[in-house]
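Text of run-v2.pdb (PDB, C-alpha atoms) as supplied:
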```pdb
MODEL        1
ATOM      1  CA  MET D  23     178.306 -83.036 -36.125
ATOM      2  CA  ALA D  24     179.122 -84.276 -39.599
ATOM      3  CA  GLU D  25     178.922 -82.193 -42.806
ATOM      4  CA  GLY D  26     175.365 -81.607 -43.988
ATOM      5  CA  ARG D  27     174.216 -82.812 -40.556
ATOM      6  CA  THR D  28     173.593 -86.240 -42.000
ATOM      7  CA  ALA D  29     175.781 -88.281 -39.691
ATOM      8  CA  LEU D  30     176.198 -88.567 -35.982
ATOM      9  CA  CYS D  31     179.944 -88.054 -35.641
ATOM     10  CA  THR D  32     183.144 -87.462 -37.553
ATOM     11  CA  ILE D  33     186.645 -88.725 -36.764
ATOM     12  CA  GLU D  34     188.575 -85.750 -35.410
ATOM     13  CA  GLN D  35     192.186 -85.386 -34.396
ATOM     14  CA  VAL D  36     191.595 -85.975 -30.702
ATOM     15  CA  ASP D  37     192.488 -88.588 -28.143
ATOM     16  CA  GLU D  38     192.242 -92.314 -28.887
ATOM     17  CA  PRO D  39     189.146 -93.117 -26.731
ATOM     18  CA  THR D  40     187.060 -90.538 -28.610
ATOM     19  CA  ARG D  41     188.187 -91.907 -31.992
ATOM     20  CA  LEU D  42     187.208 -95.411 -30.920
ATOM     21  CA  GLU D  43     183.752 -94.274 -29.812
ATOM     22  CA  ASP D  44     183.214 -92.331 -33.030
ATOM     23  CA  THR D  45     184.229 -95.369 -35.055
ATOM     24  CA  LEU D  46     181.776 -97.556 -33.147
ATOM     25  CA  VAL D  47     178.853 -95.182 -33.706
ATOM     26  CA  ARG D  48     179.738 -94.822 -37.386
ATOM     27  CA  GLY D  49     179.772 -98.623 -37.586
ATOM     28  CA  TYR D  50     176.260 -98.772 -36.143
ATOM     29  CA  ARG D  51     175.118 -96.244 -38.716
ATOM     30  CA  GLN D  52     176.607 -98.304 -41.538
ATOM     31  CA  LEU D  53     174.941-101.488 -40.293
ATOM     32  CA  ALA D  54     171.582 -99.734 -40.361
ATOM     33  CA  LEU D  55     172.155 -98.367 -43.865
ATOM     34  CA  GLU D  56     173.048-101.826 -45.147
ATOM     35  CA  THR D  57     169.892-103.431 -43.710
ATOM     36  CA  PRO D  58     167.592-104.141 -46.694
ATOM     37  CA  ASP D  59     164.115-102.647 -46.881
ATOM     38  CA  ARG D  60     161.052-104.867 -46.841
ATOM     39  CA  PRO D  61     158.329-104.673 -49.507
ATOM     40  CA  ARG D  62     155.840-103.693 -46.796
ATOM     41  CA  ASP D  63     157.935-100.602 -45.929
ATOM     42  CA  ALA D  64     156.716 -98.911 -49.123
ATOM     43  CA  LEU D  65     153.106 -99.560 -48.094
ATOM     44  CA  LEU D  66     153.730 -98.212 -44.603
ATOM     45  CA  ARG D  67     155.235 -95.077 -46.158
ATOM     46  CA  ALA D  68     152.141 -94.651 -48.327
ATOM     47  CA  LEU D  69     149.937 -94.931 -45.236
ATOM     48  CA  ASP D  70     152.108 -92.320 -43.505
ATOM     49  CA  VAL D  71     151.524 -89.847 -46.316
ATOM     50  CA  VAL D  72     147.764 -90.479 -46.597
ATOM     51  CA  PHE D  73     147.133 -90.242 -42.852
ATOM     52  CA  SER D  74     149.383 -87.197 -42.385
ATOM     53  CA  VAL D  75     147.788 -85.193 -45.191
ATOM     54  CA  THR D  76     144.311 -86.059 -43.914
ATOM     55  CA  LEU D  77     145.110 -85.194 -40.298
ATOM     56  CA  LEU D  78     146.907 -81.945 -41.200
ATOM     57  CA  VAL D  79     143.876 -80.776 -43.172
ATOM     58  CA  LEU D  80     141.387 -81.797 -40.472
ATOM     59  CA  THR D  81     143.388 -80.283 -37.598
ATOM     60  CA  LEU D  82     144.491 -77.077 -39.343
ATOM     61  CA  PRO D  83     142.015 -74.850 -37.434
ATOM     62  CA  ILE D  84     143.116 -76.380 -34.116
ATOM     63  CA  GLY D  85     146.771 -75.978 -35.065
ATOM     64  CA  LEU D  86     146.315 -72.294 -35.945
ATOM     65  CA  LEU D  87     144.486 -71.690 -32.666
ATOM     66  CA  ILE D  88     147.247 -73.385 -30.648
ATOM     67  CA  ALA D  89     149.908 -71.371 -32.487
ATOM     68  CA  LEU D  90     148.070 -68.137 -31.636
ATOM     69  CA  LEU D  91     147.682 -69.127 -27.971
ATOM     70  CA  VAL D  92     151.378 -70.014 -27.678
ATOM     71  CA  LEU D  93     152.333 -66.681 -29.256
ATOM     72  CA  VAL D  94     150.055 -64.688 -26.936
ATOM     73  CA  THR D  95     150.988 -66.493 -23.703
ATOM     74  CA  SER D  96     154.697 -67.152 -24.282
ATOM     75  CA  GLY D  97     155.833 -65.004 -27.195
ATOM     76  CA  PRO D  98     157.855 -66.257 -30.152
ATOM     77  CA  PRO D  99     158.954 -68.734 -31.286
ATOM     78  CA  VAL D 100     155.755 -70.748 -31.635
ATOM     79  CA  LEU D 101     157.557 -73.921 -32.663
ATOM     80  CA  TYR D 102     160.252 -75.882 -30.890
ATOM     81  CA  ARG D 103     162.957 -77.144 -33.244
ATOM     82  CA  GLY D 104     165.255 -79.871 -31.985
ATOM     83  CA  GLU D 105     167.832 -82.146 -33.583
ATOM     84  CA  ARG D 106     166.913 -85.817 -33.551
ATOM     85  CA  VAL D 107     168.473 -88.987 -34.951
ATOM     86  CA  GLY D 108     166.541 -90.508 -37.839
ATOM     87  CA  ARG D 109     166.790 -93.492 -40.126
ATOM     88  CA  GLY D 110     170.335 -94.532 -40.935
ATOM     89  CA  GLY D 111     171.768 -91.977 -38.506
ATOM     90  CA  HIS D 112     170.464 -88.971 -40.451
ATOM     91  CA  VAL D 113     170.055 -86.006 -38.106
ATOM     92  CA  PHE D 114     166.921 -83.972 -38.781
ATOM     93  CA  THR D 115     165.020 -81.085 -37.215
ATOM     94  CA  MET D 116     161.896 -82.177 -35.355
ATOM     95  CA  PHE D 117     159.012 -79.722 -34.908
ATOM     96  CA  LYS D 118     156.661 -79.352 -31.925
ATOM     97  CA  PHE D 119     154.574 -76.563 -30.467
ATOM     98  CA  ARG D 120     156.764 -74.950 -27.830
ATOM     99  CA  THR D 121     155.850 -76.073 -24.303
ATOM    100  CA  LEU D 122     159.035 -75.008 -22.476
ATOM    101  CA  ARG D 123     160.654 -71.647 -21.817
ATOM    102  CA  ARG D 124     163.291 -70.443 -24.240
ATOM    103  CA  GLY D 125     166.662 -72.102 -23.616
ATOM    104  CA  ALA D 126     165.115 -74.941 -21.601
ATOM    105  CA  GLU D 127     166.815 -77.714 -23.587
ATOM    106  CA  ARG D 128     170.215 -76.253 -22.762
ATOM    107  CA  ARG D 129     169.368 -75.981 -19.063
ATOM    108  CA  LEU D 130     167.947 -79.500 -18.916
ATOM    109  CA  GLY D 131     171.295 -80.699 -20.225
ATOM    110  CA  THR D 132     171.885 -84.421 -19.853
ATOM    111  CA  HIS D 133     168.686 -85.330 -17.995
ATOM    112  CA  LEU D 134     167.044 -88.463 -19.351
ATOM    113  CA  GLY D 135     164.034 -90.616 -18.496
ATOM    114  CA  GLU D 136     162.411 -89.960 -15.119
ATOM    115  CA  ASP D 137     164.994 -87.297 -14.206
ATOM    116  CA  LEU D 138     164.045 -85.400 -17.363
ATOM    117  CA  VAL D 139     160.336 -85.615 -16.493
ATOM    118  CA  GLN D 140     160.968 -84.084 -13.058
ATOM    119  CA  ALA D 141     163.347 -81.386 -14.277
ATOM    120  CA  THR D 142     160.952 -80.378 -17.044
ATOM    121  CA  GLN D 143     158.232 -79.402 -14.560
ATOM    122  CA  THR D 144     160.061 -76.154 -13.744
ATOM    123  CA  GLU D 145     160.490 -75.170 -17.394
ATOM    124  CA  PHE D 146     156.906 -75.229 -18.696
ATOM    125  CA  THR D 147     155.330 -72.198 -20.357
ATOM    126  CA  PRO D 148     151.812 -71.204 -19.137
ATOM    127  CA  LEU D 149     150.224 -73.366 -21.841
ATOM    128  CA  GLY D 150     152.919 -76.052 -21.719
ATOM    129  CA  PRO D 151     151.466 -78.508 -19.166
ATOM    130  CA  TRP D 152     148.134 -78.633 -20.974
ATOM    131  CA  LEU D 153     149.720 -79.071 -24.417
ATOM    132  CA  LYS D 154     151.953 -81.828 -23.066
ATOM    133  CA  ALA D 155     149.140 -83.587 -21.190
ATOM    134  CA  THR D 156     146.881 -83.614 -24.256
ATOM    135  CA  GLN D 157     149.810 -84.322 -26.633
ATOM    136  CA  LEU D 158     148.602 -81.521 -28.904
ATOM    137  CA  ASP D 159     152.166 -80.209 -28.934
ATOM    138  CA  GLU D 160     153.019 -83.118 -31.255
ATOM    139  CA  PHE D 161     150.817 -81.921 -34.168
ATOM    140  CA  PRO D 162     153.652 -80.218 -36.128
ATOM    141  CA  GLN D 163     155.405 -83.589 -36.394
ATOM    142  CA  PHE D 164     152.940 -84.505 -39.138
ATOM    143  CA  VAL D 165     155.100 -82.185 -41.257
ATOM    144  CA  ASN D 166     158.139 -84.297 -40.329
ATOM    145  CA  VAL D 167     156.217 -87.379 -41.432
ATOM    146  CA  LEU D 168     155.383 -85.819 -44.810
ATOM    147  CA  ARG D 169     159.018 -84.816 -45.286
ATOM    148  CA  GLY D 170     160.098 -88.410 -44.699
ATOM    149  CA  ASP D 171     162.007 -87.657 -41.487
ATOM    150  CA  MET D 172     159.561 -89.696 -39.439
ATOM    151  CA  SER D 173     156.801 -92.274 -39.653
ATOM    152  CA  LEU D 174     153.527 -92.275 -37.760
ATOM    153  CA  VAL D 175     154.712 -95.432 -35.970
ATOM    154  CA  GLY D 176     158.256 -96.183 -34.893
ATOM    155  CA  PRO D 177     160.753 -95.698 -32.066
ATOM    156  CA  ARG D 178     160.485 -92.210 -30.630
ATOM    157  CA  PRO D 179     163.233 -89.917 -31.998
ATOM    158  CA  ILE D 180     166.144 -89.214 -29.699
ATOM    159  CA  ARG D 181     168.781 -86.483 -29.483
ATOM    160  CA  PRO D 182     172.195 -87.322 -31.010
ATOM    161  CA  VAL D 183     174.084 -87.111 -27.711
ATOM    162  CA  PHE D 184     171.718 -89.572 -26.041
ATOM    163  CA  PHE D 185     171.872 -91.939 -28.995
ATOM    164  CA  GLU D 186     175.646 -92.147 -28.727
ATOM    165  CA  GLU D 187     175.439 -92.874 -24.989
ATOM    166  CA  LEU D 188     172.721 -95.505 -25.324
ATOM    167  CA  ALA D 189     174.355 -97.168 -28.333
ATOM    168  CA  HIS D 190     177.305 -97.996 -26.084
ATOM    169  CA  GLU D 191     175.184 -99.054 -23.096
ATOM    170  CA  LEU D 192     172.635-101.187 -25.012
ATOM    171  CA  PRO D 193     174.207-103.382 -27.738
ATOM    172  CA  SER D 194     170.993-103.631 -29.809
ATOM    173  CA  TYR D 195     170.207 -99.914 -29.732
ATOM    174  CA  TRP D 196     171.627 -99.324 -33.201
ATOM    175  CA  GLN D 197     168.728-101.327 -34.687
ATOM    176  CA  ARG D 198     166.456 -98.331 -34.086
ATOM    177  CA  LEU D 199     168.240 -96.734 -37.050
ATOM    178  CA  VAL D 200     166.818 -99.383 -39.409
ATOM    179  CA  VAL D 201     163.422 -97.633 -39.491
ATOM    180  CA  ARG D 202     162.184 -94.060 -39.344
ATOM    181  CA  PRO D 203     161.455 -92.773 -35.836
ATOM    182  CA  GLY D 204     157.763 -92.443 -35.081
ATOM    183  CA  LEU D 205     155.307 -89.816 -33.946
ATOM    184  CA  THR D 206     153.992 -92.604 -31.764
ATOM    185  CA  GLY D 207     155.660 -95.854 -30.857
ATOM    186  CA  PHE D 208     154.917 -99.374 -29.781
ATOM    187  CA  ALA D 209     156.747 -98.689 -26.503
ATOM    188  CA  GLN D 210     154.663 -95.543 -25.855
ATOM    189  CA  VAL D 211     151.385 -97.388 -26.384
ATOM    190  CA  ARG D 212     152.364-100.204 -24.052
ATOM    191  CA  ARG D 213     154.335 -98.325 -21.386
ATOM    192  CA  GLY D 214     154.617 -94.868 -19.819
ATOM    193  CA  TYR D 215     157.209 -92.174 -20.372
ATOM    194  CA  GLU D 216     159.152 -93.113 -17.244
ATOM    195  CA  THR D 217     159.801 -96.681 -18.448
ATOM    196  CA  SER D 218     163.501 -97.575 -18.576
ATOM    197  CA  MET D 219     165.303 -97.190 -21.899
ATOM    198  CA  ALA D 220     166.141-100.901 -21.940
ATOM    199  CA  GLU D 221     162.477-101.879 -21.626
ATOM    200  CA  LYS D 222     161.429 -99.335 -24.257
ATOM    201  CA  LEU D 223     164.069-100.771 -26.566
ATOM    202  CA  SER D 224     162.601-104.266 -26.225
ATOM    203  CA  HIS D 225     159.220-102.983 -27.462
ATOM    204  CA  ASP D 226     160.857-100.952 -30.236
ATOM    205  CA  LEU D 227     162.720-104.037 -31.440
ATOM    206  CA  GLU D 228     159.468-106.001 -31.466
ATOM    207  CA  TRP D 229     157.972-103.352 -33.758
ATOM    208  CA  ILE D 230     161.058-103.297 -35.999
ATOM    209  CA  ALA D 231     161.012-107.092 -36.364
ATOM    210  CA  ASP D 232     157.293-107.159 -37.203
ATOM    211  CA  ARG D 233     156.342-103.750 -38.649
ATOM    212  CA  SER D 234     153.291-105.224 -40.308
ATOM    213  CA  VAL D 235     150.392-103.159 -41.616
ATOM    214  CA  ARG D 236     148.121-104.756 -39.004
ATOM    215  CA  LEU D 237     150.384-103.737 -36.123
ATOM    216  CA  TYR D 238     150.846-100.276 -37.648
ATOM    217  CA  LEU D 239     147.072 -99.716 -37.791
ATOM    218  CA  ARG D 240     146.564-101.116 -34.289
ATOM    219  CA  THR D 241     149.153 -98.702 -32.917
ATOM    220  CA  VAL D 242     147.667 -95.717 -34.758
ATOM    221  CA  VAL D 243     144.155 -96.513 -33.476
ATOM    222  CA  ALA D 244     145.395 -97.088 -29.900
ATOM    223  CA  THR D 245     147.286 -93.788 -29.992
ATOM    224  CA  ALA D 246     144.303 -91.875 -31.436
ATOM    225  CA  TRP D 247     142.076 -93.212 -28.655
ATOM    226  CA  ARG D 248     144.610 -92.306 -25.982
ATOM    227  CA  VAL D 249     145.134 -88.783 -27.374
ATOM    228  CA  LEU D 250     141.367 -88.237 -27.553
ATOM    229  CA  ARG D 251     140.912 -89.289 -23.925
ATOM    230  CA  GLN D 252     143.854 -87.187 -22.754
ATOM    231  CA  SER D 253     142.707 -84.162 -24.753
ATOM    232  CA  LEU D 254     139.187 -84.298 -23.362
ATOM    233  CA  GLY D 255     140.542 -84.857 -19.851
ATOM    234  CA  GLY D 256     142.929 -81.917 -20.211
ATOM    235  CA  ILE D 257     140.142 -79.623 -21.425
ATOM    236  CA  LEU D 258     137.848 -80.629 -18.547
ATOM    237  CA  ARG D 259     140.609 -80.153 -15.946
ATOM    238  CA  ARG D 260     141.457 -76.726 -17.369
ATOM    239  CA  ARG D 261     137.813 -75.614 -17.148
ATOM    240  CA  ALA D 262     137.544 -76.941 -13.597
TER     241      ALA D 262
ENDMDL
END
```

Would you put the structure from the file into structure tokens?
Amino acid sequence: MAEGRTALCTIEQVDEPTRLEDTLVRGYRQLALETPDRPRDALLRALDVVFSVTLLVLTLPIGLLIALLVLVTSGPPVLYRGERVGRGGHVFTMFKFRTLRRGAERRLGTHLGEDLVQATQTEFTPLGPWLKATQLDEFPQFVNVLRGDMSLVGPRPIRPVFFEELAHELPSYWQRLVVRPGLTGFAQVRRGYETSMAEKLSHDLEWIADRSVRLYLRTVVATAWRVLRQSLGGILRRRA
């Protein structure tokens, strides 16, 4: 990991194949940094801040209750902190309410996509399946949005090791670095979690090419409706 944790890789004195891969990833990062902003990006950032502040205030009682329940049922820590790749290759710490047992990310290792979904089932905390099903575990990411690490809408953030792999497998994957990763994404609204990375990328690139205020608002509303339905469904199933 680079100094200050702001880059994906550094060139080390190792074998030639590794140096070539590091150079390629660094090149992707530079391409993203050199991509000019659009005037509408400033407006989208303003909407991120307004919505995030409003939602954090409105959901504070729910967030405190969830934090207490996680602490009582699973012990500390309440929050999961994981490294994710952000805009321009910046690596940041993403926050979520903890839904997996301590050390789960290390044990899950290199699982990705559908394999990750299946392997995760054995790692849930007592409250984890419900938090994941209702997507209430995502609430702390509003803090990431306020900090500028993320946007409300954008490609879902990915771990550095997976970014490096996918950047070599999918030639257009680097374009995800042009925008901030999102709490929700165009691909997530249209497709499920098990969708292939290539198909998700096609939806992410559609968002990146458009990223209009209209599409932003449509995605936020669609996500809010989905989360509301899932939350109510999760509560009813838990009572049953």

Excluding D:Arg178 and any residue of its chain fewer than 6 positions from it, enumerate the residues within 9 Å of it, using all atoms listed in the file, and give them as a VMD selection string. chain D and resid 203 to 207 209 to 210 226

Output of the above residues as a PDB file, keeping the file's coordinate frame, restricted to C-alpha atoms:
```
ATOM      1  CA  PRO D 203     161.455 -92.773 -35.836  1.00  0.00           C
ATOM      2  CA  GLY D 204     157.763 -92.443 -35.081  1.00  0.00           C
ATOM      3  CA  LEU D 205     155.307 -89.816 -33.946  1.00  0.00           C
ATOM      4  CA  THR D 206     153.992 -92.604 -31.764  1.00  0.00           C
ATOM      5  CA  GLY D 207     155.660 -95.854 -30.857  1.00  0.00           C
ATOM      6  CA  ALA D 209     156.747 -98.689 -26.503  1.00  0.00           C
ATOM      7  CA  GLN D 210     154.663 -95.543 -25.855  1.00  0.00           C
ATOM      8  CA  ASP D 226     160.857-100.952 -30.236  1.00  0.00           C
TER       9      ASP D 226
END
```

Residues near D:Pro148, cut-off 9 Å, all atoms listed in the file, skip fewer than 2 positions along chain, as a PyMOL selection string: chain D and resi 92+95-96+121-122+146+150-152

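For the set D:Leu101, D:Val72, D:Val107, D:Ala89, the residue with the smallest atom-to-atom gap to D:Arg120 is D:Leu101, counting all atoms listed in the file.
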
Pick from D:Met116, D:Leu82, D:Leu149, D:Val249: nearest to D:Arg181, with only C-alpha atoms counted? D:Met116

If the PyMOL selection byres ((chain D and resi 242) around 12) were run on this exact file, what residues would it hold? Put them as a PyMOL selection string. chain D and resi 66+69-70+73-74+173-176+204-208+210-211+235-241+243-249

Point out the residue among D:Leu188, D:Val167, D:Val200, D:Ala231 with the least atom-to-atom distance to D:Gln52, counting only C-alpha atoms.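 Comparing D:Leu188, D:Val167, D:Val200, D:Ala231 against D:Gln52, the winner is D:Val200.
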
Selection under test: the PyMOL selection byres ((chain D and resi 194) around 10); residues as a PyMOL selection string: chain D and resi 50+188-193+195-198+220+223-224+227
